[in-house]
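Student: If you scroll down you'll find the structure; I have some questions about it.
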Amino acid sequence: MEILSSNSDGDGDIRKISGMARKLKVMASVSNSLSFKHGLSLWCPQSPSLHRIRHSSAKNFQRRGFVVAYSSFANENREFVIVGGGNAAGYAARTFVEHGMADGRLCIVSKEAYAPYERPALTKGYLFPLDKKPARLPGFHTCVGSGGERQTPEWYKEKGIEMIYQDPVTSIDIEKQTLITNSGKLLKYGSLIVATGCTASRFPEKIGGYLPGVHYIRDVADADALISSLEKAKKVVVVGGGYIGMEVAAAAVGWKLDTTIIFPENHLLQRLFTPSLAQRYEQLYQQNGVKFVKGASIKNLEAGSDGRVAAVKLEDGSTIDADTIVIGIGAKPTVSPFERVGLNSSVGGIQVDGQFRTSMPGIFAIGDVAAFPLKMYDRTARVEHVDHARQSAQHCIKALLIGETIEIGNFDPKIATFWIDSGKLKGVLVESGSPEEFQLLPTLARSQPFVDKAKLQQASSVEEALEIARAALPVEAAV
């Protein structure tokens, strides 16, 4: 879904930045996915195998049992609890529904006032003035970003999913499998999925990072506060030359404001853009009145006589006037109060295995907060990207609900995982397969034939294992 569209007015080109940046981000994800797709195929949305996957898992998993109040939640017991109300939670909810495991069994606990939504829309479409037809809820509720159904609050109610809004979890008792929310609500879970995402990185208070007029954007409330400032602003300074900075600056131009972008690098998106490509974007922005201050370090933000932010002071002693400042310098994983679950000290976030399981039985982590292994490269990654939020949620829930899996191959160059439940082949994941092998996968997924588990386990190659699965197909389904 393309949330933004360009207009025919004078600032139409600058609005294209948001859409172009979004496309470039996806392209970068695909081109960089060489280091991701083998460790977790589901991460790359362009992988041919994704459209044929039903499930994969590295090992068996038993859910922790307890007494469940199935339909009414008359007591504190919930079979499945998701903590966090972002994109990952929304896609996880959809996967629960697809597997018939949501109605009366799933609870989502969110600090926000809204049902899960496609967070990228906040900077790509939400911030523009009303005459530019900005994005608004319910228009970008999950899962419209991937072309799926719009999951409004009514959708969750219809599916029997309990939603707890504006009541974040403040503590967890792992031994008792209980959570306590800010309001004091006690929740007992059978399986817990942590989907708390990230929070925006902030300037320290001592250098003005919390002054009135200084904004960070991570949720609808942040975006609404920024819009209130933009309505009255004259001079806007955006700190950060990444996607957030570019998109916020595009919105500021839509408001016809004096706009300056400050960043320490030599050009925009230095980790992705070549100097020549960055120059093209910078020229487009400059043609629309945006000024750049490159290679600059900020000393502090200065307040005016009214206590609001009034200027940015740079390390070289110069100052730039501003009545509204937006900080877009990255984000950090929201791990509290789940530190005991197990953190990763190198990339941050909660450490999980290839199926997004933490070190604690029955507890998973998905989306931005999850630090997951890339087996082929023997390292751990944490990905802050909407596609990862979607795919990790789907992969995790399927791992939570499975029976048994068999893994064949070792990236030499192929690897395959077969999902078996009560003797039936429920799905297959294949990496680096041939077109003919990918063509076989949807047939296997639809037919779900009974397979000889022992034969599969003894297969010496992915090709042999797929032939065993093919041979198990009924005659009318064989390809």
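Ordering of the structure tokens sets the chain letters (A, B, ...), residue numbers begin anew at 1 in every chain, and ligands are numbered from 1 in the order given.
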Can you pull out every residue within 10 Å of Ser171 of chain A, counting only C-alpha atoms, but drop anything in the same chain fewer than 5 positions away, and send it as an MDAnalysis selection string?

Tutor: chainID A and resid 178:182 184 186 336:338

Student: With a distance cut-off of 8 Å and only C-alpha atoms, select the neighbouring residues of segment 317-332 of chain A, excluding the residue or stretch itself and same-chain residues fewer than 3 positions from it, and output the selection as a PyMOL selection string.

Tutor: chain A and resi 198-203+213-217+229-230+233-242+244-245+248+308-314+348

Student: Keeping only N, CA, C and O atoms, take the residues you just selected and write them out as a short mmCIF file (atom, residue, chain, number, x, y, z; two decimals), in the first residue's frame.

Tutor:
data_model
loop_
_atom_site.label_atom_id
_atom_site.label_comp_id
_atom_site.auth_asym_id
_atom_site.auth_seq_id
_atom_site.Cartn_x
_atom_site.Cartn_y
_atom_site.Cartn_z
N CYS A 198 10.83 -0.42 20.04
CA CYS A 198 11.90 0.51 20.40
C CYS A 198 11.31 1.83 20.86
O CYS A 198 10.15 2.14 20.61
N THR A 199 12.14 2.59 21.53
CA THR A 199 11.82 3.98 21.85
C THR A 199 12.84 4.88 21.16
O THR A 199 13.98 4.48 20.91
N ALA A 200 12.42 6.08 20.84
CA ALA A 200 13.31 7.01 20.15
C ALA A 200 14.49 7.40 21.04
O ALA A 200 14.32 7.65 22.25
N SER A 201 15.67 7.42 20.47
CA SER A 201 16.85 7.91 21.20
C SER A 201 16.70 9.41 21.45
O SER A 201 16.32 10.15 20.54
N ARG A 202 17.01 9.82 22.67
CA ARG A 202 16.78 11.21 23.06
C ARG A 202 18.07 11.92 23.43
O ARG A 202 19.03 11.29 23.86
N PHE A 203 18.06 13.22 23.24
CA PHE A 203 19.14 14.04 23.77
C PHE A 203 19.00 14.09 25.29
O PHE A 203 17.88 14.11 25.81
N GLY A 213 8.95 22.11 22.74
CA GLY A 213 9.29 22.40 21.35
C GLY A 213 10.28 21.42 20.75
O GLY A 213 10.54 21.47 19.56
N VAL A 214 10.84 20.53 21.58
CA VAL A 214 11.74 19.47 21.10
C VAL A 214 10.92 18.20 20.97
O VAL A 214 10.26 17.77 21.92
N HIS A 215 10.95 17.59 19.80
CA HIS A 215 10.07 16.45 19.52
C HIS A 215 10.85 15.21 19.09
O HIS A 215 11.89 15.29 18.43
N TYR A 216 10.30 14.08 19.48
CA TYR A 216 10.74 12.76 19.03
C TYR A 216 9.49 12.06 18.52
O TYR A 216 8.40 12.27 19.05
N ILE A 217 9.62 11.22 17.52
CA ILE A 217 8.41 10.62 16.96
C ILE A 217 8.52 9.11 16.93
O ILE A 217 9.44 8.56 16.33
N SER A 229 2.85 21.64 17.05
CA SER A 229 3.95 22.60 16.95
C SER A 229 4.11 23.12 15.53
O SER A 229 4.36 24.32 15.32
N LEU A 230 3.98 22.24 14.53
CA LEU A 230 4.14 22.67 13.15
C LEU A 230 3.09 23.70 12.75
O LEU A 230 3.35 24.58 11.92
N ALA A 233 4.65 26.85 14.01
CA ALA A 233 6.08 27.03 13.82
C ALA A 233 6.41 27.99 12.67
O ALA A 233 5.61 28.21 11.76
N LYS A 234 7.62 28.54 12.76
CA LYS A 234 8.18 29.34 11.67
C LYS A 234 9.50 28.74 11.17
O LYS A 234 9.76 28.72 9.98
N LYS A 235 10.31 28.30 12.15
CA LYS A 235 11.61 27.74 11.79
C LYS A 235 11.77 26.36 12.43
O LYS A 235 11.68 26.22 13.65
N VAL A 236 11.99 25.38 11.57
CA VAL A 236 12.12 24.00 12.03
C VAL A 236 13.55 23.52 11.78
O VAL A 236 14.10 23.72 10.70
N VAL A 237 14.12 22.87 12.79
CA VAL A 237 15.40 22.20 12.63
C VAL A 237 15.18 20.71 12.86
O VAL A 237 14.57 20.30 13.84
N VAL A 238 15.66 19.91 11.90
CA VAL A 238 15.59 18.46 12.01
C VAL A 238 17.00 17.95 12.25
O VAL A 238 17.92 18.25 11.48
N VAL A 239 17.19 17.19 13.32
CA VAL A 239 18.50 16.64 13.66
C VAL A 239 18.53 15.18 13.22
O VAL A 239 17.76 14.36 13.72
N GLY A 240 19.40 14.87 12.28
CA GLY A 240 19.52 13.51 11.77
C GLY A 240 19.31 13.45 10.28
O GLY A 240 18.32 13.98 9.76
N GLY A 241 20.24 12.80 9.57
CA GLY A 241 20.16 12.72 8.11
C GLY A 241 19.74 11.36 7.61
O GLY A 241 20.11 10.97 6.50
N GLY A 242 18.95 10.62 8.40
CA GLY A 242 18.44 9.33 7.98
C GLY A 242 17.03 9.43 7.45
O GLY A 242 16.56 10.51 7.07
N ILE A 244 14.08 9.13 8.99
CA ILE A 244 13.18 9.96 9.78
C ILE A 244 13.43 11.44 9.49
O ILE A 244 12.49 12.22 9.27
N GLY A 245 14.69 11.83 9.48
CA GLY A 245 15.02 13.22 9.20
C GLY A 245 14.53 13.68 7.85
O GLY A 245 13.95 14.76 7.70
N VAL A 248 10.55 13.81 7.88
CA VAL A 248 10.03 14.93 8.67
C VAL A 248 10.29 16.25 7.96
O VAL A 248 9.44 17.15 7.93
N ARG A 308 10.72 27.75 26.09
CA ARG A 308 10.69 26.86 24.94
C ARG A 308 12.01 26.89 24.20
O ARG A 308 12.79 27.84 24.31
N VAL A 309 12.24 25.85 23.43
CA VAL A 309 13.47 25.80 22.65
C VAL A 309 13.49 26.97 21.67
O VAL A 309 12.46 27.35 21.10
N ALA A 310 14.68 27.55 21.49
CA ALA A 310 14.80 28.72 20.62
C ALA A 310 15.94 28.61 19.61
O ALA A 310 15.94 29.31 18.60
N ALA A 311 16.90 27.71 19.87
CA ALA A 311 18.05 27.61 18.97
C ALA A 311 18.82 26.33 19.22
O ALA A 311 18.72 25.70 20.28
N VAL A 312 19.61 25.98 18.21
CA VAL A 312 20.56 24.87 18.31
C VAL A 312 21.96 25.48 18.32
O VAL A 312 22.31 26.28 17.44
N LYS A 313 22.74 25.12 19.32
CA LYS A 313 24.12 25.60 19.39
C LYS A 313 25.06 24.47 18.97
O LYS A 313 25.01 23.38 19.53
N LEU A 314 25.90 24.75 17.99
CA LEU A 314 26.83 23.74 17.48
C LEU A 314 28.17 23.82 18.21
O LEU A 314 28.49 24.81 18.86
N GLY A 348 22.01 -5.17 21.59
CA GLY A 348 20.87 -4.74 22.39
C GLY A 348 19.66 -5.64 22.15
O GLY A 348 19.66 -6.53 21.29
#

Student: Identify all residues of segment 61-235 of chain A in strand (DSSP E) (DSSP on the backbone) and supply them as JSON, numbers by chain.

Tutor: {"A": [77, 78, 79, 80, 81, 82, 83, 106, 107, 108, 109, 162, 163, 164, 169, 170, 171, 172, 173, 178, 179, 180, 181, 186, 187, 188, 189, 190, 191, 192, 193, 194, 198, 199, 200, 214, 215, 235]}

Student: Could the residues in this selection be written to a file with C-alpha atoms, as a PDB file, in the first residue's frame?

Tutor:
ATOM      1  CA  ASN A  77      -5.726 -16.309  33.189  1.00  0.00           C
ATOM      2  CA  ARG A  78      -4.794 -15.875  29.521  1.00  0.00           C
ATOM      3  CA  GLU A  79      -3.357 -18.631  27.366  1.00  0.00           C
ATOM      4  CA  PHE A  80      -1.392 -16.256  25.115  1.00  0.00           C
ATOM      5  CA  VAL A  81      -0.341 -12.715  26.001  1.00  0.00           C
ATOM      6  CA  ILE A  82       1.397 -10.260  23.675  1.00  0.00           C
ATOM      7  CA  VAL A  83       3.025  -7.290  25.395  1.00  0.00           C
ATOM      8  CA  LEU A 106      -5.278 -14.157  23.165  1.00  0.00           C
ATOM      9  CA  CYS A 107      -4.715 -10.881  25.012  1.00  0.00           C
ATOM     10  CA  ILE A 108      -2.699  -7.885  23.759  1.00  0.00           C
ATOM     11  CA  VAL A 109      -1.429  -5.350  26.297  1.00  0.00           C
ATOM     12  CA  GLU A 162      -8.850  -9.033  24.410  1.00  0.00           C
ATOM     13  CA  MET A 163      -7.221  -5.607  23.964  1.00  0.00           C
ATOM     14  CA  ILE A 164      -5.868  -3.705  26.962  1.00  0.00           C
ATOM     15  CA  VAL A 169       3.247  -3.906  31.716  1.00  0.00           C
ATOM     16  CA  THR A 170       5.467  -2.759  34.576  1.00  0.00           C
ATOM     17  CA  SER A 171       6.651  -6.056  36.081  1.00  0.00           C
ATOM     18  CA  ILE A 172       6.876  -9.782  35.411  1.00  0.00           C
ATOM     19  CA  ASP A 173       7.160 -12.797  37.703  1.00  0.00           C
ATOM     20  CA  THR A 178       2.316 -13.386  35.823  1.00  0.00           C
ATOM     21  CA  LEU A 179       2.412  -9.787  34.622  1.00  0.00           C
ATOM     22  CA  ILE A 180       1.339  -6.621  36.391  1.00  0.00           C
ATOM     23  CA  THR A 181       0.290  -3.551  34.425  1.00  0.00           C
ATOM     24  CA  LEU A 186      -2.720  -8.989  37.156  1.00  0.00           C
ATOM     25  CA  LEU A 187      -2.399 -11.200  34.076  1.00  0.00           C
ATOM     26  CA  LYS A 188      -1.407 -14.863  34.147  1.00  0.00           C
ATOM     27  CA  TYR A 189      -0.037 -16.198  30.881  1.00  0.00           C
ATOM     28  CA  GLY A 190       0.626 -19.599  29.388  1.00  0.00           C
ATOM     29  CA  SER A 191       2.869 -18.284  26.609  1.00  0.00           C
ATOM     30  CA  LEU A 192       4.221 -14.742  26.513  1.00  0.00           C
ATOM     31  CA  ILE A 193       5.326 -12.798  23.438  1.00  0.00           C
ATOM     32  CA  VAL A 194       7.338  -9.637  24.044  1.00  0.00           C
ATOM     33  CA  CYS A 198      11.901   0.506  20.400  1.00  0.00           C
ATOM     34  CA  THR A 199      11.823   3.980  21.853  1.00  0.00           C
ATOM     35  CA  ALA A 200      13.312   7.013  20.150  1.00  0.00           C
ATOM     36  CA  VAL A 214      11.736  19.469  21.097  1.00  0.00           C
ATOM     37  CA  HIS A 215      10.075  16.454  19.517  1.00  0.00           C
ATOM     38  CA  LYS A 235      11.613  27.736  11.790  1.00  0.00           C
TER      39      LYS A 235
END

Student: For Lys455 of chain A, which residue among A:Val430, A:Asp412, A:Leu374, A:Ile406 is the nearest when counting only C-alpha atoms?

Tutor: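 Closest to Lys455 of chain A, using only C-alpha atoms: A:Ile406.
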
Student: Atom CA of Ile415 of chain A and atom CA of Leu456 of chain A, how far apart in Å?

Tutor: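 Going from atom CA of Leu456 of chain A over to atom CA of Ile415 of chain A, I get 13.3 Å.
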
Student: For Leu268 of chain A, work out the shell of residues within 12 Å, counting only C-alpha atoms and skipping chain neighbours fewer than 5 positions away, then give it as a ChimeraX atom specification.

Tutor: /A:21,239-247,261-263,273-283,285,292-295

Student: Need to verify the contact set: segment 150-155 of chain A, 8 Å, only C-alpha atoms, exclusion of same-chain residues closer than 4 positions in sequence. Can you return it as a ChimeraX atom specification?

Tutor: /A:90,114-116,138-144,159

Student: When DSSP works through the backbone of this structure, what residues of segment 116-199 of chain A end up as alpha helix (DSSP H), shown as a list in words?

Tutor: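 Listing alpha helix (DSSP H) positions across segment 116-199 of chain A yields Ala121, Pro153, Glu154, Trp155, Tyr156, Lys157 and Glu158 of chain A.
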
Student: From the options A:Phe411, A:Phe356, A:Trp255, A:Tyr91, which residue's atoms come nearest to Ser228 of chain A, counting only C-alpha atoms?

Tutor: A:Trp255

Student: So, with only C-alpha atoms as the atoms that count, which of A:His388, A:Lys132, A:Lys176, A:Lys426 lies closest to Leu401 of chain A?

Tutor: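 Between A:His388, A:Lys132, A:Lys176, A:Lys426, the residue approaching Leu401 of chain A most closely is A:Lys426.
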